[in-house]
>>> print(open('coords_22.tsv').read())   # TSV, C-alpha atoms
chain	number	residue	atom	x	y	z
A	1	GLY	CA	146.33	59.05	-28.70
A	2	ALA	CA	144.68	62.43	-28.54
A	3	VAL	CA	146.84	65.16	-29.99
A	4	VAL	CA	146.58	68.91	-29.57
A	5	SER	CA	148.59	71.16	-31.84
A	6	GLN	CA	149.42	74.77	-31.13
A	7	HIS	CA	150.81	77.36	-33.49
A	8	PRO	CA	153.04	79.30	-33.55
A	9	SER	CA	155.67	78.03	-31.14
A	10	TRP	CA	157.50	81.33	-30.85
A	11	VAL	CA	156.47	84.90	-31.46
A	12	ILE	CA	158.65	87.96	-31.08
A	13	CYS	CA	157.02	91.25	-31.97
A	14	LYS	CA	156.89	94.92	-31.16
A	15	SER	CA	154.74	96.46	-28.48
A	16	GLY	CA	151.27	97.30	-29.74
A	17	THR	CA	151.05	94.35	-32.12
A	18	SER	CA	148.17	91.90	-31.93
A	19	VAL	CA	149.14	88.23	-31.90
A	20	LYS	CA	146.92	85.28	-32.78
A	21	ILE	CA	147.61	81.81	-31.38
A	22	GLU	CA	145.86	78.73	-32.73
A	23	CYS	CA	144.99	75.57	-30.85
A	24	ARG	CA	143.81	72.55	-32.80
A	25	SER	CA	142.61	69.13	-31.74
A	26	LEU	CA	143.97	66.86	-34.46
A	27	ASP	CA	142.18	63.57	-33.92
A	28	PHE	CA	139.16	64.39	-31.79
A	29	GLN	CA	136.46	67.02	-31.51
A	30	ALA	CA	136.73	69.46	-28.64
A	31	THR	CA	133.68	71.44	-27.61
A	32	THR	CA	135.76	72.87	-24.80
A	33	MET	CA	139.36	74.03	-24.82
A	34	PHE	CA	141.32	75.77	-22.12
A	35	TRP	CA	143.87	78.56	-22.35
A	36	TYR	CA	146.62	78.97	-19.77
A	37	ARG	CA	149.48	81.33	-19.19
A	38	GLN	CA	152.71	80.49	-17.40
A	39	PHE	CA	155.24	83.06	-16.23
A	40	PRO	CA	158.80	81.94	-15.41
A	41	LYS	CA	159.03	79.76	-12.33
A	42	GLN	CA	155.29	79.99	-11.76
A	43	SER	CA	152.44	77.54	-12.20
A	44	LEU	CA	150.10	77.39	-15.13
A	45	MET	CA	147.21	79.77	-14.58
A	46	LEU	CA	143.90	79.23	-16.31
A	47	MET	CA	142.99	82.28	-18.35
A	48	ALA	CA	139.75	81.21	-19.95
A	49	THR	CA	137.58	78.34	-21.06
A	50	SER	CA	136.84	78.34	-24.76
A	51	ASN	CA	133.40	76.99	-25.72
A	52	GLU	CA	132.52	76.01	-29.27
A	53	GLY	CA	129.63	78.09	-30.53
A	54	SER	CA	129.38	80.34	-27.51
A	55	LYS	CA	131.30	82.96	-25.58
A	56	ALA	CA	134.42	82.07	-23.69
A	57	THR	CA	134.41	82.10	-19.91
A	58	TYR	CA	137.21	84.20	-18.47
A	59	GLU	CA	138.89	83.81	-15.10
A	60	GLN	CA	138.83	86.67	-12.67
A	61	GLY	CA	141.41	89.30	-13.54
A	62	VAL	CA	141.72	88.30	-17.20
A	63	GLU	CA	140.57	91.04	-19.55
A	64	LYS	CA	138.24	89.63	-22.17
A	65	ASP	CA	138.79	92.60	-24.49
A	66	LYS	CA	142.53	92.08	-24.26
A	67	PHE	CA	142.53	88.34	-24.79
A	68	LEU	CA	140.02	87.53	-27.49
A	69	ILE	CA	138.98	83.92	-27.80
A	70	ASN	CA	137.16	82.44	-30.77
A	71	HIS	CA	136.12	78.79	-30.87
A	72	ALA	CA	134.71	78.67	-34.37
A	73	SER	CA	134.80	74.93	-34.95
A	74	LEU	CA	135.00	71.68	-33.01
A	75	THR	CA	138.72	71.44	-33.67
A	76	LEU	CA	139.98	75.00	-33.48
A	77	SER	CA	140.19	77.68	-30.83
A	78	THR	CA	142.17	80.89	-31.24
A	79	LEU	CA	143.52	83.29	-28.66
A	80	THR	CA	144.34	86.80	-29.85
A	81	VAL	CA	146.43	89.00	-27.60
A	82	THR	CA	145.42	92.47	-28.68
A	83	SER	CA	147.81	95.41	-28.52
A	84	ALA	CA	150.39	93.29	-26.73
A	85	HIS	CA	152.82	94.92	-24.31
A	86	PRO	CA	155.98	93.60	-22.68
A	87	GLU	CA	154.06	92.49	-19.58
A	88	ASP	CA	152.08	90.11	-21.82
A	89	SER	CA	155.29	88.21	-22.58
A	90	SER	CA	154.70	84.71	-21.32
A	91	PHE	CA	154.23	81.06	-22.25
A	92	TYR	CA	150.69	80.47	-23.49
A	93	ILE	CA	149.37	76.90	-23.59
A	94	CYS	CA	146.07	75.38	-24.59
A	95	SER	CA	144.59	72.06	-23.59
A	96	ALA	CA	141.65	69.85	-24.46
A	97	ASN	CA	140.48	66.28	-24.18
A	98	PRO	CA	137.96	64.16	-26.07
A	99	THR	CA	135.40	64.17	-23.25
A	100	GLY	CA	135.55	67.90	-22.61
A	101	GLY	CA	135.56	67.20	-18.89
A	102	LEU	CA	138.14	67.95	-16.24
A	103	ASP	CA	137.86	64.53	-14.65
A	104	GLN	CA	140.00	63.10	-17.46
A	105	PRO	CA	143.58	64.13	-18.24
A	106	GLN	CA	144.15	67.11	-20.46
A	107	HIS	CA	146.22	67.02	-23.61
A	108	PHE	CA	148.33	70.11	-23.98
A	109	GLY	CA	149.47	71.93	-27.05
A	110	ASP	CA	153.19	72.56	-27.47
A	111	GLY	CA	152.78	76.06	-26.11
A	112	THR	CA	153.54	79.46	-27.60
A	113	ARG	CA	156.36	81.53	-26.21
A	114	LEU	CA	155.42	85.17	-26.69
A	115	SER	CA	158.04	87.89	-26.36
A	116	ILE	CA	156.96	91.49	-26.73
A	117	LEU	CA	159.75	93.99	-27.25
B	118	ARG	CA	146.65	79.20	1.78
B	119	LYS	CA	147.37	78.18	-1.80
B	120	GLU	CA	144.79	75.97	-3.47
B	121	VAL	CA	147.48	73.49	-4.49
B	122	GLU	CA	150.82	73.55	-2.75
B	123	GLN	CA	154.07	71.83	-3.61
B	124	ASP	CA	157.63	72.04	-2.37
B	125	PRO	CA	159.45	73.73	-5.27
B	126	GLY	CA	162.69	71.87	-4.56
B	127	PRO	CA	165.00	71.26	-6.27
B	128	PHE	CA	165.41	67.70	-5.14
B	129	ASN	CA	168.92	66.59	-6.06
B	130	VAL	CA	169.26	62.81	-6.10
B	131	PRO	CA	171.74	60.33	-7.57
B	132	GLU	CA	170.76	57.83	-10.22
B	133	GLY	CA	169.02	54.84	-8.74
B	134	ALA	CA	167.65	56.70	-5.74
B	135	THR	CA	164.05	56.69	-4.61
B	136	VAL	CA	162.41	60.08	-4.24
B	137	ALA	CA	158.96	61.17	-3.12
B	138	PHE	CA	157.01	64.36	-3.62
B	139	ASN	CA	153.92	65.51	-1.78
B	140	CYS	CA	151.23	67.93	-2.81
B	141	THR	CA	148.49	69.36	-0.60
B	142	TYR	CA	145.18	70.78	-1.80
B	143	SER	CA	142.74	73.03	-0.03
B	144	ASN	CA	139.37	72.07	-1.48
B	145	SER	CA	137.99	68.92	0.14
B	146	ALA	CA	135.44	68.54	-2.68
B	147	SER	CA	138.19	67.94	-5.23
B	148	GLN	CA	137.59	64.76	-7.19
B	149	SER	CA	140.30	64.27	-9.78
B	150	PHE	CA	144.04	64.41	-9.34
B	151	PHE	CA	146.93	64.16	-11.73
B	152	TRP	CA	150.68	64.27	-11.89
B	153	TYR	CA	152.23	65.88	-14.96
B	154	ARG	CA	155.86	66.38	-15.79
B	155	GLN	CA	157.08	69.51	-17.45
B	156	ASP	CA	160.49	69.80	-19.04
B	157	CYS	CA	162.13	73.17	-19.28
B	158	ARG	CA	160.29	75.48	-21.69
B	159	LYS	CA	157.95	72.69	-22.79
B	160	GLU	CA	154.30	71.83	-22.33
B	161	PRO	CA	153.14	69.57	-19.46
B	162	LYS	CA	152.82	65.89	-20.26
B	163	LEU	CA	150.63	63.52	-18.27
B	164	LEU	CA	152.59	61.21	-16.01
B	165	MET	CA	149.65	59.53	-14.31
B	166	SER	CA	146.20	60.06	-12.91
B	167	VAL	CA	145.83	59.45	-9.19
B	168	TYR	CA	143.13	57.07	-8.06
B	169	SER	CA	141.63	56.68	-4.61
B	170	SER	CA	143.16	53.26	-4.11
B	171	GLY	CA	146.57	54.40	-5.26
B	172	ASN	CA	148.12	53.31	-8.50
B	173	GLU	CA	151.43	52.29	-9.92
B	174	ASP	CA	152.96	52.61	-13.36
B	175	GLY	CA	156.37	51.04	-13.61
B	176	ARG	CA	158.74	52.97	-11.36
B	177	PHE	CA	156.08	55.52	-10.47
B	178	THR	CA	153.54	55.17	-7.66
B	179	ALA	CA	150.85	57.70	-6.83
B	180	GLN	CA	148.83	57.84	-3.62
B	181	LEU	CA	145.84	59.88	-2.52
B	182	ASN	CA	145.03	60.70	1.08
B	183	ARG	CA	141.64	62.38	1.17
B	184	ALA	CA	141.55	62.76	4.94
B	185	SER	CA	144.73	64.80	4.96
B	186	GLN	CA	144.12	66.29	1.51
B	187	TYR	CA	147.37	65.38	-0.12
B	188	ILE	CA	148.64	63.31	-2.98
B	189	SER	CA	152.09	61.86	-3.36
B	190	LEU	CA	154.35	60.65	-6.13
B	191	LEU	CA	157.08	58.10	-5.54
B	192	ILE	CA	159.79	57.52	-8.12
B	193	ARG	CA	161.95	54.43	-7.69
B	194	ASP	CA	165.30	53.76	-9.36
B	195	SER	CA	165.62	57.33	-10.61
B	196	LYS	CA	166.97	57.83	-14.12
B	197	LEU	CA	168.74	60.85	-15.53
B	198	SER	CA	165.76	61.29	-17.84
B	199	ASP	CA	163.48	61.76	-14.82
B	200	SER	CA	164.99	65.24	-14.31
B	201	ALA	CA	162.06	67.59	-14.82
B	202	THR	CA	159.47	69.59	-12.92
B	203	TYR	CA	156.58	67.55	-11.57
B	204	LEU	CA	153.25	69.32	-11.49
B	205	CYS	CA	150.45	68.40	-9.15
B	206	VAL	CA	147.08	69.14	-10.77
B	207	VAL	CA	143.72	69.08	-9.04
B	208	ASN	CA	140.22	69.30	-10.49
B	209	MET	CA	138.47	71.58	-8.01
B	210	PHE	CA	134.79	72.26	-7.57
B	211	MET	CA	134.33	75.97	-7.04
B	212	ASN	CA	131.65	77.71	-4.98
B	213	THR	CA	130.01	78.72	-8.24
B	214	GLY	CA	129.35	75.08	-9.05
B	215	PHE	CA	131.90	75.06	-11.85
B	216	GLN	CA	135.04	72.98	-11.95
B	217	LYS	CA	138.53	74.21	-12.59
B	218	LEU	CA	141.94	72.64	-12.95
B	219	VAL	CA	144.40	74.12	-10.49
B	220	PHE	CA	148.11	73.58	-10.97
B	221	GLY	CA	150.78	73.52	-8.33
B	222	THR	CA	153.97	75.46	-8.99
B	223	GLY	CA	155.78	72.18	-9.46
B	224	THR	CA	158.61	70.31	-7.77
B	225	ARG	CA	161.89	70.31	-9.58
B	226	LEU	CA	163.84	67.05	-9.67
B	227	LEU	CA	167.49	66.81	-10.68
B	228	VAL	CA	168.93	63.34	-11.06
B	229	SER	CA	172.70	63.23	-11.29
B	230	PRO	CA	175.06	60.45	-12.48
>>> encode(input="coords_22.tsv", output="structure tokens")
Amino acid sequence: GAVVSQHPSWVICKSGTSVKIECRSLDFQATTMFWYRQFPKQSLMLMATSNEGSKATYEQGVEKDKFLINHASLTLSTLTVTSAHPEDSSFYICSANPTGGLDQPQHFGDGTRLSIL
Amino acid sequence: RKEVEQDPGPFNVPEGATVAFNCTYSNSASQSFFWYRQDCRKEPKLLMSVYSSGNEDGRFTAQLNRASQYISLLIRDSKLSDSATYLCVVNMFMNTGFQKLVFGTGTRLLVSP
């Protein structure tokens, strides 16, 4: 079945550091990938839609200069949290599916737990 | 009103019990519906898609009621391994013409021996 891999699983770093998270589709091409954030005891919130070969689409309230998204190939999207601060500590998850559409189930990466000290 | 609303629970049930969760959604134009399960500190995993006619997968049955804008999940013969948070996910059509997946906060299920 379709597999999405995310790396790293855990990141602990100092305030002010920039952190890059990778999301890869291992056995299919993904022109579209999605990035979510989940705070404790809350639902997943869509941050942005990553589009291969074009700019990402950000949800309202998500700073595009803070959360840089690069979808450089059909199998890789990266999310960079720039100058991270403790309030950015969260669980970041990506998803994709072979059709690129939302009418079919999404396959999620393992998630990245980010802790900013 | 939340776009997707679920009772957070927890639902505490003994092994073998039958338990049902409901989820309501606000956007009547929504077309696709899913149930995912999420274990603590893990990524969501698809449990089942929800079809208009209702569908069943083993011990799990999903129903869609478009008129009342809710979906349900029924779990029969609960197992200890069913303990998890169950996420209701809806593909919503926004006013902008775009679609977006909206997640409920999840319903926590605890199955005890």
>>> closest_residue(input="coords_22.tsv", among="A:Lys64, A:His71, A:His85, A:Arg113", to="A:Met33", atoms="only C-alpha atoms")
A:His71
>>> interface_residues(input="coords_22.tsv", of="chain A", to="chain B", cutoff="8 Å", atoms="all atoms listed in the file", output="list in words")
Lys41, Gln42, Ser43, Leu44, Met45, Leu46, Ile93, Leu102, Asp103, Gln104, Pro105, Gln106, His107, Phe108, Gly109, Asp110 and Gly111 of chain A
>>> residues_around(input="coords_22.tsv", residues="stretch 94-101 of chain A", least_positions_apart="4", cutoff="9 Å", atoms="all atoms listed in the file", output="list in words")
Ala2, Val3, Val4, Ser5, Gln6, Glu22, Cys23, Arg24, Ser25, Asp27, Phe28, Gln29, Ala30, Thr31, Thr32, Met33, Phe34, Trp35, Tyr36, Arg37, Ser77, Pro105, Gln106, His107, Phe108, Gly109, Asp110 and Gly111 of chain A
>>> atom_distance(input="coords_22.tsv", atom1="atom CA of B:Ala179", atom2="atom CA of B:Met211")
24.6 Å
>>> closest_residue(input="coords_22.tsv", among="B:Tyr187, B:Gly214, B:Asn144, B:Ser200", to="B:Leu226", atoms="only C-alpha atoms")
B:Ser200
>>> atom_distance(input="coords_22.tsv", atom1="atom CA of B:Gln186", atom2="atom CA of B:Thr135")
23.0 Å
